[in-house]
Amino acid sequence: MKFNWGTGIAMLYLGFVIGMLTLVTMSMRQKIDLVADNYYEQELGFQKKLDKMNRANTLAEPLRWEVTEQGVLVRFPQGIGKEKVGGTINLYCPADNRKDTRFEVLPGADGVQLIPANKLQAGRYQLQIDWQAGEATYWNEGTIVINE
């Protein structure tokens, strides 16, 4: 086979096309997670979230949580024990949205709720607790790490 300028240019273009197709294929297979699917609606309610956070910060006894071998223990303030407590607990995993989980706030008589370890996967999570006691609403959040 004789190599001339025309063959070289054809090989250059063919190499460019193959390279571009490879990059397009790789980019289409890349997993991209949004923080939330409904981020626009959440942004509209951001001031309400700030108000809830301020109310939570003014409590005499704050909401606390800890990671144990049994799971995640959430301790609600003792001063609100007589009121109806409800809401949601979100565990948001920034690295993989398939690990995201949601639980209802259902504290026991002692004001403690356990999220069992067998319902959680190992990883780093943003713990987001949107809860209410009576008419007052609160928001607490923090970072936790679940080990295997």
# chains A, B, ... in the order shown; residues from 1 in each chain; ligands from 1
$ residues_around --residues "Tyr92 in chain A" --least-positions-apart "4" --cutoff "9 Å" --atoms "only C-alpha atoms" --output "list in words"
Val35, Asp96, Asn97, Lys99, Asp100, Thr101, Arg102, Arg124, Tyr125, Gln126, Leu127 and Gln128 of chain A
$ residues_around --residues "Gly134 in chain A" --least-positions-apart "6" --cutoff "9 Å" --atoms "only C-alpha atoms" --output "list of chain:residue names"
A:Ile80, A:Glu83, A:Lys84, A:Val85, A:Gly86
$ select_by_dssp --residues "chain A" --states "alpha helix (DSSP H)" --output "number ranges by chain"
A: 5-29, 39-44, 46-57
$ closest_residue --among "A:Phe76, A:Ile129, A:Tyr39, A:Thr143" --to "Leu59 in chain A" --atoms "only C-alpha atoms"
A:Phe76
$ closest_residue --among "A:Pro116, A:Gly87, A:Gly45, A:Pro107" --to "Thr68 in chain A" --atoms "only C-alpha atoms"
A:Pro116
$ closest_residue --among "A:Ile115, A:Cys93, A:Val24, A:Leu14" --to "Val74 in chain A" --atoms "only C-alpha atoms"
A:Ile115
$ select_by_dssp --residues "chain A" --states "strand (DSSP E or B)" --output "MDAnalysis selection string"
chainID A and resid 64:67 71:75 85:92 101:104 112:116 123:133 136:146
$ closest_residue --among "A:Leu106, A:Ala95, A:Ile89, A:Leu120" --to "Glu141 in chain A" --atoms "only C-alpha atoms"
A:Ile89
$ atom_distance --atom1 "CA of Arg75 in chain A" --atom2 "CA of Gly111 in chain A"
6.0 Å
$ residues_around --residues "Tyr138 in chain A" --least-positions-apart "3" --cutoff "8 Å" --atoms "only C-alpha atoms" --output "PDB file with N, CA and C atoms, in the first residue's frame"
ATOM      1  N   LYS A  52     -37.444  27.570  60.197  1.00  0.00           N
ATOM      2  CA  LYS A  52     -37.455  26.333  60.984  1.00  0.00           C
ATOM      3  C   LYS A  52     -36.109  26.118  61.668  1.00  0.00           C
ATOM      4  N   MET A  53     -35.018  26.410  60.963  1.00  0.00           N
ATOM      5  CA  MET A  53     -33.680  26.245  61.546  1.00  0.00           C
ATOM      6  C   MET A  53     -33.484  27.203  62.717  1.00  0.00           C
ATOM      7  N   ARG A  55     -35.844  28.423  64.666  1.00  0.00           N
ATOM      8  CA  ARG A  55     -36.647  27.917  65.793  1.00  0.00           C
ATOM      9  C   ARG A  55     -35.924  26.754  66.472  1.00  0.00           C
ATOM     10  N   ALA A  56     -35.318  25.875  65.684  1.00  0.00           N
ATOM     11  CA  ALA A  56     -34.597  24.732  66.251  1.00  0.00           C
ATOM     12  C   ALA A  56     -33.390  25.197  67.063  1.00  0.00           C
ATOM     13  N   ASP A 130     -36.837  17.142  59.275  1.00  0.00           N
ATOM     14  CA  ASP A 130     -37.896  18.143  59.181  1.00  0.00           C
ATOM     15  C   ASP A 130     -39.001  17.665  60.116  1.00  0.00           C
ATOM     16  N   TRP A 131     -39.119  18.295  61.276  1.00  0.00           N
ATOM     17  CA  TRP A 131     -40.043  17.790  62.293  1.00  0.00           C
ATOM     18  C   TRP A 131     -40.866  18.910  62.888  1.00  0.00           C
ATOM     19  N   GLN A 132     -41.942  18.483  63.545  1.00  0.00           N
ATOM     20  CA  GLN A 132     -42.816  19.445  64.205  1.00  0.00           C
ATOM     21  C   GLN A 132     -43.268  18.891  65.540  1.00  0.00           C
TER      22      GLN A 132
END
$ atom_distance --atom1 "CA of Asn147 in chain A" --atom2 "CA of Ala122 in chain A"
5.1 Å
$ closest_residue --among "A:Gly142, A:Gly71, A:Pro94, A:Gly79" --to "Leu114 in chain A" --atoms "only C-alpha atoms"
A:Gly71
